[in-house]
file coords-v9.txt (compact mmCIF, C-alpha atoms and all ligand atoms)
# COMPACT_ATOMS: atom_id res chain seq x y z
CA MET A 1 -39.43 11.58 -136.00
CA ALA A 2 -38.22 9.20 -133.30
CA LYS A 3 -39.16 5.54 -133.40
CA ALA A 4 -38.75 3.38 -130.28
CA ILE A 5 -38.13 -0.32 -130.79
CA ILE A 6 -39.39 -2.40 -127.89
CA LYS A 7 -39.16 -6.01 -126.77
CA ASP A 8 -41.91 -8.49 -127.56
CA ARG A 9 -42.90 -8.83 -123.93
CA ALA A 10 -43.52 -5.06 -123.81
CA ALA A 11 -45.59 -5.33 -126.98
CA ALA A 12 -47.64 -8.08 -125.31
CA ARG A 13 -48.19 -5.84 -122.31
CA LEU A 14 -49.39 -3.01 -124.56
CA HIS A 15 -51.66 -5.43 -126.37
CA ALA A 16 -53.22 -6.43 -123.03
CA GLY A 17 -54.10 -2.78 -122.43
CA HIS A 18 -51.34 -1.55 -120.14
CA PRO A 19 -49.72 1.65 -121.51
CA TRP A 20 -46.26 1.47 -119.92
CA VAL A 21 -42.98 0.35 -121.50
CA TYR A 22 -40.17 -0.07 -118.98
CA ARG A 23 -36.67 1.12 -119.80
CA SER A 24 -35.44 -2.48 -119.62
CA ASP A 25 -37.83 -3.33 -122.49
CA LEU A 26 -36.63 -0.49 -124.71
CA LEU A 27 -34.22 -1.85 -127.35
CA GLY A 28 -33.31 1.54 -128.83
CA PHE A 29 -34.39 4.37 -131.10
CA GLU A 30 -34.37 4.76 -134.85
CA GLY A 31 -34.49 8.10 -136.62
CA ALA A 32 -34.25 11.39 -134.75
CA ALA A 33 -33.58 11.53 -131.00
CA PRO A 34 -36.80 11.72 -128.97
CA ALA A 35 -37.70 15.24 -127.90
CA PRO A 36 -40.60 15.42 -125.41
CA PRO A 37 -43.37 16.47 -125.71
CA ALA A 38 -43.35 15.23 -129.33
CA PRO A 39 -44.82 11.68 -129.21
CA VAL A 40 -42.52 8.90 -130.41
CA MET A 41 -43.62 6.06 -132.65
CA LEU A 42 -43.59 2.57 -131.12
CA ALA A 43 -42.57 -0.51 -133.06
CA ASP A 44 -41.62 -4.09 -132.36
CA ARG A 45 -38.44 -5.75 -133.60
CA ARG A 46 -40.08 -6.61 -136.91
CA GLY A 47 -40.96 -2.97 -137.46
CA ARG A 48 -44.69 -3.40 -136.82
CA SER A 49 -46.35 -0.23 -135.52
CA LEU A 50 -47.60 -0.34 -131.93
CA GLY A 51 -48.87 3.23 -131.77
CA TRP A 52 -47.46 6.40 -130.25
CA ALA A 53 -46.13 7.24 -126.81
CA ASP A 54 -44.70 9.93 -124.57
CA TYR A 55 -41.02 9.43 -123.80
CA SER A 56 -39.51 10.02 -120.35
CA PRO A 57 -35.71 10.31 -120.56
CA GLN A 58 -35.11 9.65 -116.83
CA SER A 59 -37.84 7.41 -115.45
CA GLN A 60 -37.82 3.60 -115.30
CA ILE A 61 -41.14 3.93 -117.12
CA ALA A 62 -39.55 5.01 -120.39
CA LEU A 63 -42.65 5.21 -122.56
CA ARG A 64 -46.34 5.73 -121.91
CA ARG A 65 -48.57 4.90 -124.82
CA LEU A 66 -51.06 7.52 -125.94
CA THR A 67 -52.69 5.63 -128.79
CA ALA A 68 -52.53 2.26 -130.47
CA ALA A 69 -53.29 3.85 -133.85
CA GLU A 70 -50.70 3.86 -136.60
CA ALA A 71 -51.28 7.54 -137.35
CA ALA A 72 -49.66 10.11 -135.07
CA PRO A 73 -52.02 11.78 -132.57
CA GLU A 74 -53.75 14.83 -134.01
CA PRO A 75 -52.82 18.17 -132.41
CA THR A 76 -56.32 18.16 -130.88
CA TRP A 77 -55.85 14.87 -128.98
CA LEU A 78 -55.13 16.52 -125.61
CA ALA A 79 -58.30 18.64 -125.71
CA GLU A 80 -60.33 15.65 -126.88
CA ARG A 81 -59.15 13.48 -124.00
CA LEU A 82 -59.80 16.27 -121.50
CA ARG A 83 -63.29 16.72 -122.94
CA ALA A 84 -63.93 12.98 -122.61
CA ALA A 85 -62.65 13.04 -119.03
CA LEU A 86 -65.02 15.88 -118.17
CA ALA A 87 -67.95 14.13 -119.85
CA TYR A 88 -67.22 10.99 -117.80
CA ARG A 89 -67.38 13.01 -114.56
CA ARG A 90 -70.56 14.76 -115.64
CA ARG A 91 -72.07 11.33 -116.14
CA PHE A 92 -70.80 9.55 -113.02
CA VAL A 93 -70.26 12.18 -110.32
CA ALA A 94 -73.34 13.05 -108.30
CA ASP A 95 -73.78 15.27 -105.26
CA SER A 96 -70.32 16.79 -105.43
CA ASP A 97 -68.65 19.79 -107.03
CA ALA A 98 -65.26 18.38 -106.06
CA TYR A 99 -63.86 15.47 -108.02
CA ARG A 100 -60.82 14.24 -109.89
CA LEU A 101 -61.36 15.57 -113.39
CA CYS A 102 -58.40 13.78 -114.91
CA ALA A 103 -56.74 10.70 -113.44
CA GLY A 104 -53.69 10.23 -115.64
CA GLU A 105 -53.41 6.87 -117.39
CA ALA A 106 -57.00 6.01 -116.38
CA ASP A 107 -58.16 8.87 -118.64
CA GLY A 108 -55.71 8.24 -121.46
CA LEU A 109 -53.64 11.22 -120.29
CA PRO A 110 -50.51 9.67 -118.73
CA GLY A 111 -48.93 11.86 -116.09
CA LEU A 112 -51.74 14.40 -115.82
CA VAL A 113 -53.82 14.82 -112.68
CA VAL A 114 -56.48 17.51 -112.45
CA ASP A 115 -58.69 17.89 -109.40
CA ARG A 116 -61.65 20.20 -109.26
CA TYR A 117 -62.73 21.82 -105.99
CA GLY A 118 -65.78 23.92 -106.75
CA ALA A 119 -64.57 27.08 -108.51
CA ALA A 120 -60.92 26.06 -108.17
CA VAL A 121 -58.73 23.53 -109.93
CA ALA A 122 -55.45 21.94 -108.87
CA LEU A 123 -53.21 20.14 -111.31
CA GLN A 124 -50.11 17.97 -111.39
CA THR A 125 -47.95 17.15 -114.39
CA LEU A 126 -45.86 14.08 -113.67
CA THR A 127 -43.86 13.47 -116.86
CA PRO A 128 -41.64 15.75 -118.96
CA ALA A 129 -44.11 15.56 -121.84
CA MET A 130 -47.08 16.53 -119.68
CA GLU A 131 -45.07 19.25 -118.00
CA ALA A 132 -44.39 20.73 -121.45
CA ARG A 133 -48.14 20.58 -122.18
CA GLN A 134 -49.12 22.26 -118.92
CA PRO A 135 -49.81 25.65 -120.58
CA GLU A 136 -52.12 23.92 -123.04
CA VAL A 137 -53.92 22.16 -120.17
CA VAL A 138 -54.32 25.46 -118.30
CA ALA A 139 -55.68 27.15 -121.44
CA TRP A 140 -58.21 24.33 -121.89
CA LEU A 141 -59.34 24.56 -118.26
CA GLU A 142 -59.82 28.31 -118.58
CA ALA A 143 -61.80 27.98 -121.79
CA GLU A 144 -64.03 25.12 -120.58
CA LEU A 145 -64.45 25.74 -116.84
CA ALA A 146 -63.36 29.36 -116.25
CA PRO A 147 -62.05 28.48 -112.77
CA GLU A 148 -61.40 31.34 -110.37
CA VAL A 149 -58.24 29.64 -109.18
CA ILE A 150 -55.76 27.26 -110.79
CA ALA A 151 -53.09 25.80 -108.52
CA GLU A 152 -50.17 23.63 -109.54
CA ARG A 153 -49.12 20.96 -107.07
CA ASN A 154 -45.98 19.87 -108.80
CA ASP A 155 -44.34 19.19 -105.47
CA THR A 156 -45.07 15.44 -105.39
CA ARG A 157 -42.17 13.00 -104.98
CA LEU A 158 -43.32 11.24 -108.16
CA ARG A 159 -41.70 14.06 -110.13
CA GLN A 160 -38.31 13.16 -108.67
CA LEU A 161 -38.48 9.88 -110.57
CA GLU A 162 -38.58 11.98 -113.75
CA SER A 163 -35.94 14.48 -112.58
CA LEU A 164 -38.57 17.23 -112.69
CA ALA A 165 -38.29 20.20 -110.34
CA SER A 166 -40.55 20.53 -107.30
CA ARG A 167 -42.94 23.46 -107.60
CA ALA A 168 -46.23 24.56 -106.08
CA GLY A 169 -48.14 27.79 -106.45
CA LEU A 170 -51.12 29.59 -107.91
CA LEU A 171 -51.17 29.93 -111.70
CA ARG A 172 -54.43 31.90 -111.60
CA GLY A 173 -56.35 33.57 -108.80
CA THR A 174 -55.30 34.86 -105.44
CA THR A 175 -56.26 32.32 -102.76
CA PRO A 176 -55.46 28.63 -102.32
CA LEU A 177 -58.64 28.17 -100.27
CA ALA A 178 -61.44 26.46 -102.18
CA GLN A 179 -65.01 25.76 -101.08
CA ALA A 180 -66.75 22.58 -102.13
CA HIS A 181 -69.95 20.68 -101.34
CA ILE A 182 -69.56 16.93 -101.16
CA ASN A 183 -72.63 14.77 -100.43
CA GLY A 184 -74.23 17.88 -98.97
CA VAL A 185 -71.35 18.51 -96.56
CA ARG A 186 -69.36 21.74 -96.85
CA PHE A 187 -65.60 21.55 -97.09
CA GLU A 188 -62.87 24.13 -97.41
CA PHE A 189 -59.65 22.81 -98.94
CA ASP A 190 -56.25 24.43 -99.04
CA LEU A 191 -54.91 23.55 -102.47
CA LEU A 192 -51.34 24.47 -101.58
CA ALA A 193 -51.04 23.07 -98.06
CA GLY A 194 -53.04 19.86 -98.11
CA GLN A 195 -51.96 16.33 -98.93
CA LYS A 196 -52.43 15.22 -102.55
CA THR A 197 -53.91 18.34 -104.16
CA GLY A 198 -55.81 19.33 -101.03
CA GLY A 199 -58.06 16.43 -100.15
CA PHE A 200 -58.67 12.71 -100.49
CA LEU A 201 -61.34 12.87 -103.15
CA ASP A 202 -60.95 9.15 -103.77
CA GLN A 203 -62.84 8.49 -100.50
CA ARG A 204 -65.76 10.72 -101.46
CA GLN A 205 -68.33 7.95 -101.99
CA ASN A 206 -66.97 5.88 -99.09
CA TRP A 207 -67.60 8.81 -96.72
CA ALA A 208 -71.29 8.60 -97.58
CA ALA A 209 -71.32 4.78 -97.52
CA ALA A 210 -69.81 4.65 -94.02
CA ALA A 211 -72.18 7.31 -92.69
CA ALA A 212 -75.17 5.27 -93.86
CA TYR A 213 -74.38 2.79 -91.03
CA ALA A 214 -74.13 5.43 -88.29
CA ARG A 215 -77.06 5.78 -85.93
CA SER A 216 -78.24 9.06 -84.53
CA GLY A 217 -76.98 9.21 -80.96
CA GLY A 218 -74.54 6.34 -81.54
CA THR A 219 -70.77 6.70 -81.20
CA ALA A 220 -68.17 6.70 -83.97
CA LEU A 221 -64.38 6.79 -84.11
CA ASP A 222 -62.38 7.97 -87.14
CA VAL A 223 -58.70 7.45 -86.38
CA PHE A 224 -56.83 8.68 -89.44
CA THR A 225 -59.26 11.48 -90.03
CA TYR A 226 -57.01 13.98 -91.91
CA GLN A 227 -59.46 16.87 -92.50
CA GLY A 228 -62.42 14.90 -91.24
CA GLY A 229 -63.83 13.36 -94.43
CA PHE A 230 -65.43 10.40 -92.64
CA ALA A 231 -65.89 12.24 -89.34
CA LEU A 232 -67.99 15.04 -90.82
CA HIS A 233 -70.22 12.60 -92.66
CA LEU A 234 -70.69 10.52 -89.48
CA ALA A 235 -71.49 13.70 -87.53
CA ARG A 236 -74.05 14.70 -90.12
CA ALA A 237 -75.73 11.30 -89.55
CA GLY A 238 -76.10 12.29 -85.91
CA ALA A 239 -73.29 10.22 -84.37
CA GLN A 240 -71.14 11.39 -81.46
CA VAL A 241 -67.81 11.41 -83.26
CA THR A 242 -64.27 11.11 -81.97
CA ALA A 243 -61.72 11.85 -84.68
CA ALA A 244 -57.93 11.62 -84.44
CA ASP A 245 -54.87 12.36 -86.52
CA LEU A 246 -51.17 13.04 -86.03
CA SER A 247 -51.40 16.28 -87.99
CA ARG A 248 -52.43 19.35 -86.02
CA PRO A 249 -52.99 21.53 -89.16
CA ALA A 250 -55.25 18.83 -90.65
CA LEU A 251 -57.30 18.69 -87.43
CA GLU A 252 -57.61 22.47 -87.33
CA ARG A 253 -59.00 22.51 -90.83
CA ALA A 254 -61.31 19.61 -89.96
CA GLU A 255 -62.63 21.49 -86.97
CA ARG A 256 -63.24 24.66 -88.99
CA ASN A 257 -65.12 22.58 -91.53
CA ALA A 258 -67.20 20.96 -88.80
CA LEU A 259 -68.19 24.34 -87.39
CA ALA A 260 -69.00 25.69 -90.86
CA ASN A 261 -71.51 22.84 -91.13
CA GLY A 262 -72.88 23.40 -87.64
CA PHE A 263 -71.49 20.08 -86.33
CA ASP A 264 -70.22 21.09 -82.92
CA GLY A 265 -70.17 17.70 -81.22
CA VAL A 266 -67.03 16.25 -82.80
CA GLU A 267 -64.08 15.60 -80.48
CA TRP A 268 -60.81 16.20 -82.35
CA ILE A 269 -57.74 14.48 -80.88
CA GLU A 270 -54.12 14.90 -81.90
CA ALA A 271 -52.72 11.40 -81.37
CA ASN A 272 -50.87 8.48 -82.84
CA ALA A 273 -53.53 6.02 -83.95
CA PHE A 274 -51.59 3.00 -82.69
CA ASP A 275 -51.30 4.45 -79.17
CA LEU A 276 -54.87 5.72 -79.15
CA LEU A 277 -56.38 2.41 -80.25
CA ARG A 278 -54.31 0.50 -77.68
CA HIS A 279 -55.46 2.92 -74.99
CA TYR A 280 -59.14 2.58 -75.97
CA ASP A 281 -58.81 -1.20 -76.11
CA GLU A 282 -57.10 -1.48 -72.74
CA SER A 283 -59.53 0.88 -71.07
CA GLY A 284 -62.56 -0.97 -72.49
CA ARG A 285 -63.90 1.92 -74.52
CA LYS A 286 -66.45 0.95 -77.17
CA PHE A 287 -67.73 2.63 -80.35
CA ASP A 288 -70.63 1.70 -82.61
CA VAL A 289 -68.69 2.54 -85.79
CA ILE A 290 -64.92 2.64 -86.30
CA VAL A 291 -63.23 3.91 -89.46
CA LEU A 292 -59.60 3.01 -90.22
CA ASP A 293 -58.10 4.87 -93.18
CA PRO A 294 -54.34 4.86 -92.63
CA PRO A 295 -51.75 6.18 -95.08
CA GLY A 296 -50.41 3.50 -97.43
CA PHE A 297 -48.23 1.31 -95.20
CA ALA A 298 -46.73 -0.63 -98.15
CA ARG A 299 -44.90 1.73 -100.47
CA ASN A 300 -42.79 -1.06 -101.96
CA ARG A 301 -42.57 -4.84 -101.84
CA ALA A 302 -39.90 -4.78 -99.14
CA ALA A 303 -42.35 -2.98 -96.86
CA LEU A 304 -45.19 -5.49 -97.32
CA ALA A 305 -44.50 -7.66 -94.25
CA ALA A 306 -44.21 -4.67 -91.92
CA ALA A 307 -47.31 -3.18 -93.54
CA ALA A 308 -49.27 -6.37 -92.89
CA ARG A 309 -48.31 -6.19 -89.19
CA GLY A 310 -49.43 -2.54 -89.06
CA TYR A 311 -52.79 -3.24 -90.69
CA LYS A 312 -53.35 -6.25 -88.44
CA GLU A 313 -52.55 -4.29 -85.29
CA ILE A 314 -54.99 -1.44 -85.95
CA ASN A 315 -57.74 -3.78 -87.14
CA LEU A 316 -57.32 -6.05 -84.11
CA ARG A 317 -57.52 -3.11 -81.72
CA ALA A 318 -60.50 -1.63 -83.52
CA LEU A 319 -62.36 -4.96 -83.48
CA ARG A 320 -61.85 -5.19 -79.72
CA CYS A 321 -63.42 -1.73 -79.37
CA LEU A 322 -66.56 -2.71 -81.30
CA PRO A 323 -69.50 -4.36 -79.55
CA ALA A 324 -71.58 -7.06 -81.23
CA GLY A 325 -73.54 -5.21 -83.89
CA GLY A 326 -70.75 -2.66 -84.40
CA ILE A 327 -69.49 -1.58 -87.79
CA LEU A 328 -65.87 -1.67 -88.94
CA VAL A 329 -64.95 0.43 -91.99
CA THR A 330 -61.39 -0.52 -92.87
CA CYS A 331 -59.35 0.87 -95.74
CA SER A 332 -56.00 0.32 -97.41
CA CYS A 333 -54.65 2.47 -100.22
CA SER A 334 -51.55 0.33 -100.80
CA HIS A 335 -51.74 -0.79 -104.41
CA LEU A 336 -49.27 -3.61 -103.70
CA LEU A 337 -51.57 -5.15 -101.12
CA GLY A 338 -54.45 -6.67 -103.07
CA GLU A 339 -57.99 -6.95 -101.76
CA THR A 340 -57.67 -10.67 -101.00
CA ALA A 341 -54.46 -10.17 -99.02
CA PHE A 342 -56.01 -7.25 -97.16
CA LEU A 343 -59.11 -9.29 -96.36
CA GLU A 344 -56.90 -12.08 -95.00
CA ILE A 345 -55.18 -9.62 -92.65
CA VAL A 346 -58.51 -8.35 -91.34
CA LEU A 347 -59.71 -11.95 -90.94
CA ALA A 348 -56.59 -12.86 -88.98
CA ALA A 349 -57.25 -9.88 -86.71
CA ALA A 350 -60.86 -11.02 -86.25
CA ALA A 351 -59.71 -14.54 -85.38
CA ASP A 352 -57.32 -13.18 -82.74
CA ALA A 353 -60.07 -10.94 -81.37
CA GLY A 354 -62.48 -13.88 -81.33
CA ARG A 355 -64.97 -12.04 -83.51
CA GLU A 356 -67.02 -13.07 -86.50
CA LEU A 357 -67.29 -10.70 -89.46
CA VAL A 358 -70.12 -10.19 -91.91
CA LEU A 359 -68.91 -8.46 -95.08
CA LEU A 360 -71.48 -5.75 -95.84
CA GLU A 361 -69.74 -3.94 -98.68
CA ARG A 362 -66.48 -4.22 -100.59
CA ARG A 363 -65.74 -0.85 -102.04
CA THR A 364 -62.94 0.87 -103.91
CA GLN A 365 -62.16 4.47 -104.82
CA SER A 366 -64.84 6.89 -106.04
CA LEU A 367 -65.88 6.64 -109.66
CA ASP A 368 -64.00 9.81 -110.62
CA HIS A 369 -60.81 7.77 -110.08
CA PRO A 370 -61.61 5.24 -112.82
CA VAL A 371 -60.53 1.64 -112.37
CA LEU A 372 -59.17 0.10 -115.57
CA PRO A 373 -58.78 -3.64 -114.97
CA ALA A 374 -56.08 -3.72 -117.66
CA ILE A 375 -54.02 -1.22 -115.63
CA SER A 376 -53.86 -2.80 -112.19
CA GLU A 377 -52.27 0.32 -110.65
CA THR A 378 -55.53 2.19 -111.22
CA GLN A 379 -57.21 0.03 -108.56
CA TYR A 380 -55.49 0.87 -105.31
CA LEU A 381 -58.08 1.68 -102.69
CA LYS A 382 -59.83 -0.99 -100.66
CA CYS A 383 -62.66 0.00 -98.34
CA LEU A 384 -64.33 -2.95 -96.62
CA LEU A 385 -67.39 -2.53 -94.41
CA PHE A 386 -68.13 -5.24 -91.85
CA LEU A 387 -70.76 -5.99 -89.29
CA VAL A 388 -69.01 -7.38 -86.22
CA ARG A 389 -70.59 -10.30 -84.33
N1 LIG B 401 -59.44 9.49 -93.84
C1 LIG B 401 -58.96 10.67 -94.53
C2 LIG B 401 -57.65 10.45 -95.23
C3 LIG B 401 -56.58 9.90 -94.34
S1 LIG B 401 -54.97 10.09 -94.99
C4 LIG B 401 -60.01 11.11 -95.54
O1 LIG B 401 -60.90 10.32 -95.86
O2 LIG B 401 -59.93 12.24 -96.01
C5 LIG B 401 -54.03 9.45 -93.71
C6 LIG B 401 -53.94 10.35 -92.48
O3 LIG B 401 -53.29 9.60 -91.47
C7 LIG B 401 -53.12 11.62 -92.65
O4 LIG B 401 -53.91 12.72 -92.28
C8 LIG B 401 -51.95 11.48 -91.67
O5 LIG B 401 -51.64 12.69 -90.99
C9 LIG B 401 -52.51 10.48 -90.69
N2 LIG B 401 -51.54 9.62 -90.00
C10 LIG B 401 -50.47 9.00 -90.49
N3 LIG B 401 -49.91 8.21 -89.56
C11 LIG B 401 -50.67 8.33 -88.45
C12 LIG B 401 -50.61 7.77 -87.15
N4 LIG B 401 -49.68 6.89 -86.81
N5 LIG B 401 -51.57 8.11 -86.26
C13 LIG B 401 -52.54 8.99 -86.59
N6 LIG B 401 -52.65 9.55 -87.80
C14 LIG B 401 -51.72 9.23 -88.71

call {"tool": "encode", "arguments": {"input": "coords-v9.txt", "output": "structure tokens"}}
result
Amino acid sequence: MAKAIIKDRAAARLHAGHPWVYRSDLLGFEGAAPAPPAPVMLADRRGRSLGWADYSPQSQIALRRLTAAEAAPEPTWLAERLRAALAYRRRFVADSDAYRLCAGEADGLPGLVVDRYGAAVALQTLTPAMEARQPEVVAWLEAELAPEVIAERNDTRLRQLESLASRAGLLRGTTPLAQAHINGVRFEFDLLAGQKTGGFLDQRQNWAAAAAYARSGGTALDVFTYQGGFALHLARAGAQVTAADLSRPALERAERNALANGFDGVEWIEANAFDLLRHYDESGRKFDVIVLDPPGFARNRAALAAAARGYKEINLRALRCLPAGGILVTCSCSHLLGETAFLEIVLAAAADAGRELVLLERRTQSLDHPVLPAISETQYLKCLLFLVR
């Protein structure tokens, strides 16, 4: 059995509820060499037990704690955590057969992501230990959910940090296309071609929240639409929707989904959002509702200043395209940019546009992506809804 000795500051972090131990806080190992997926024991310098963790030989996040208990995890711990994750979704997910079934650390399963899309499931294993447990995860999914399709999306760049190979494909079933019903809207996802594992399920409840402010016959603009998550919900509310994205394949899927729902009034535009918003602003075009859901502009701290300029630019342009009484739905999925900092950027844009904002709702990701305040990384999505005056 391997025993990892860690610095006091790492022990304090664990005590506060954050499961990660950085490599720089790892003093060394006692006993046998660690061999993932076997959990290693954690101890401080005085030999006090701090629980058990998965070890990652390559990553800067060397250890991810699985339990604070002194006893080693029982062989059944993986199935128990998966069962708890499923029970949480059964309790908190309504009106959707697509949801994140397991959200890694937020479900006590570090490095494991499982998304459900109706009768299909897509998974990612992001650490060597979880990769080794993938067959056990697949067996559990088959026994509990009997999915028609299981896809692995182990082609995320996160795996590079662990020196894990990039791989994507079907483990079960014959098609990557999955049908789902979200808030009463039909979607088809491609589990092997889409971003993330197919769709942005974290925006599921925000799609419905935004659409609640659309008026039948009013106009709406969704500029980073991807496969039309916001756009389809706005169309269902009766709005005349213009939706744009840089990605032609995403727009094609969005359009197919619109037609499958009988929403034939959406205008799909392949465009750069910055250019499009500038054009609408300069030509005096107005919309009753504008949704901004860009990709994360701040991937690291060095990118924060440029990200702030990007967020300010699109928010400023959007505000100038909203009449008094218009609704701005503005999102940021950059974990490094906190809600207060994001709000300040939007406020600065409003000041430059000479507009006053009423904050209607401050939202985050859907409940199937649990927020654990002790693990700040689990709260990454900001979705602010404003009335513009
Ligand atoms: N709103 C979507 C998710 C958006 S993800 C939903 O709720 O499902 C971000 C999207 O922005 C991606 O589809 C990406 O193709 C697009 N994108 C990135 N940069 C862009 C740009 N400069 N202009 C337009 N779209 C862009």

call {"tool": "residues_near_ligand", "arguments": {"input": "coords-v9.txt", "ligand": "ligand LIG 401 (chain B)", "cutoff": "7 Å", "atoms": "all atoms listed in the file", "output": "JSON, numbers by chain"}}
result
{"A": [199, 200, 203, 207, 223, 224, 225, 226, 227, 228, 229, 230, 244, 245, 246, 247, 250, 271, 272, 273, 274, 293, 294, 295]}

call {"tool": "residues_around", "arguments": {"input": "coords-v9.txt", "residues": "Asp222 in chain A", "least_positions_apart": "4", "cutoff": "7 Å", "atoms": "only C-alpha atoms", "output": "tab-separated table (two decimals) with C-alpha atoms, in the frame of the given file"}}
result
chain	number	residue	atom	x	y	z
A	230	PHE	CA	-65.43	10.40	-92.64
A	231	ALA	CA	-65.89	12.24	-89.34
A	242	THR	CA	-64.27	11.11	-81.97
A	243	ALA	CA	-61.72	11.85	-84.68
A	244	ALA	CA	-57.93	11.62	-84.44
A	290	ILE	CA	-64.92	2.64	-86.30
A	291	VAL	CA	-63.23	3.91	-89.46
A	292	LEU	CA	-59.60	3.01	-90.22

call {"tool": "closest_residue", "arguments": {"input": "coords-v9.txt", "among": "A:Glu270, A:Glu148, A:Asp264, A:Glu30", "to": "Gly238 in chain A", "atoms": "only C-alpha atoms"}}
result
A:Asp264

call {"tool": "closest_residue", "arguments": {"input": "coords-v9.txt", "among": "A:Ala119, A:Ala84, A:Gly184, A:Leu63", "to": "Cys102 in chain A", "atoms": "all atoms listed in the file"}}
result
A:Ala84

call {"tool": "residues_around", "arguments": {"input": "coords-v9.txt", "residues": "Arg256 in chain A", "least_positions_apart": "5", "cutoff": "12 Å", "atoms": "all atoms listed in the file", "output": "PyMOL selection string"}}
result
chain A and resi 186-189+227-228+232+249-251+261-264+266+268

call {"tool": "closest_residue", "arguments": {"input": "coords-v9.txt", "among": "A:Ser96, A:Thr378, A:Ser334, A:Ser24", "to": "Ile61 in chain A", "atoms": "only C-alpha atoms"}}
result
A:Ser24

call {"tool": "decode", "arguments": {"input": "coords-v9.txt", "residues": "range 306-344 of chain A", "atoms": "C-alpha atoms", "output": "tab-separated table (two decimals), in the first residue's frame"}}
result
chain	number	residue	atom	x	y	z
A	306	ALA	CA	-7.97	40.40	-23.12
A	307	ALA	CA	-11.03	38.41	-22.04
A	308	ALA	CA	-12.41	41.43	-20.18
A	309	ARG	CA	-12.05	43.53	-23.35
A	310	GLY	CA	-13.86	40.83	-25.36
A	311	TYR	CA	-16.75	40.57	-22.90
A	312	LYS	CA	-17.04	44.35	-22.71
A	313	GLU	CA	-17.11	44.73	-26.48
A	314	ILE	CA	-19.93	42.25	-27.10
A	315	ASN	CA	-21.97	43.50	-24.15
A	316	LEU	CA	-21.56	47.13	-25.23
A	317	ARG	CA	-22.68	46.34	-28.77
A	318	ALA	CA	-25.59	44.25	-27.56
A	319	LEU	CA	-26.76	46.99	-25.18
A	320	ARG	CA	-26.77	49.47	-28.05
A	321	CYS	CA	-29.01	47.08	-30.01
A	322	LEU	CA	-31.58	46.84	-27.21
A	323	PRO	CA	-34.38	49.40	-26.88
A	324	ALA	CA	-35.62	50.59	-23.50
A	325	GLY	CA	-37.50	47.60	-22.10
A	326	GLY	CA	-35.20	45.13	-23.87
A	327	ILE	CA	-33.70	42.09	-22.20
A	328	LEU	CA	-29.99	41.23	-22.11
A	329	VAL	CA	-29.07	37.65	-21.23
A	330	THR	CA	-25.30	37.62	-20.83
A	331	CYS	CA	-23.16	34.62	-19.93
A	332	SER	CA	-19.56	33.81	-19.10
A	333	CYS	CA	-18.26	30.30	-18.54
A	334	SER	CA	-14.75	31.42	-17.55
A	335	HIS	CA	-14.19	30.06	-14.06
A	336	LEU	CA	-11.35	32.55	-13.50
A	337	LEU	CA	-13.67	35.49	-14.03
A	338	GLY	CA	-15.88	35.65	-10.95
A	339	GLU	CA	-19.45	36.90	-10.96
A	340	THR	CA	-18.53	40.25	-9.42
A	341	ALA	CA	-15.81	40.90	-11.98
A	342	PHE	CA	-18.15	39.87	-14.79
A	343	LEU	CA	-20.88	42.15	-13.46
A	344	GLU	CA	-18.40	45.04	-13.37
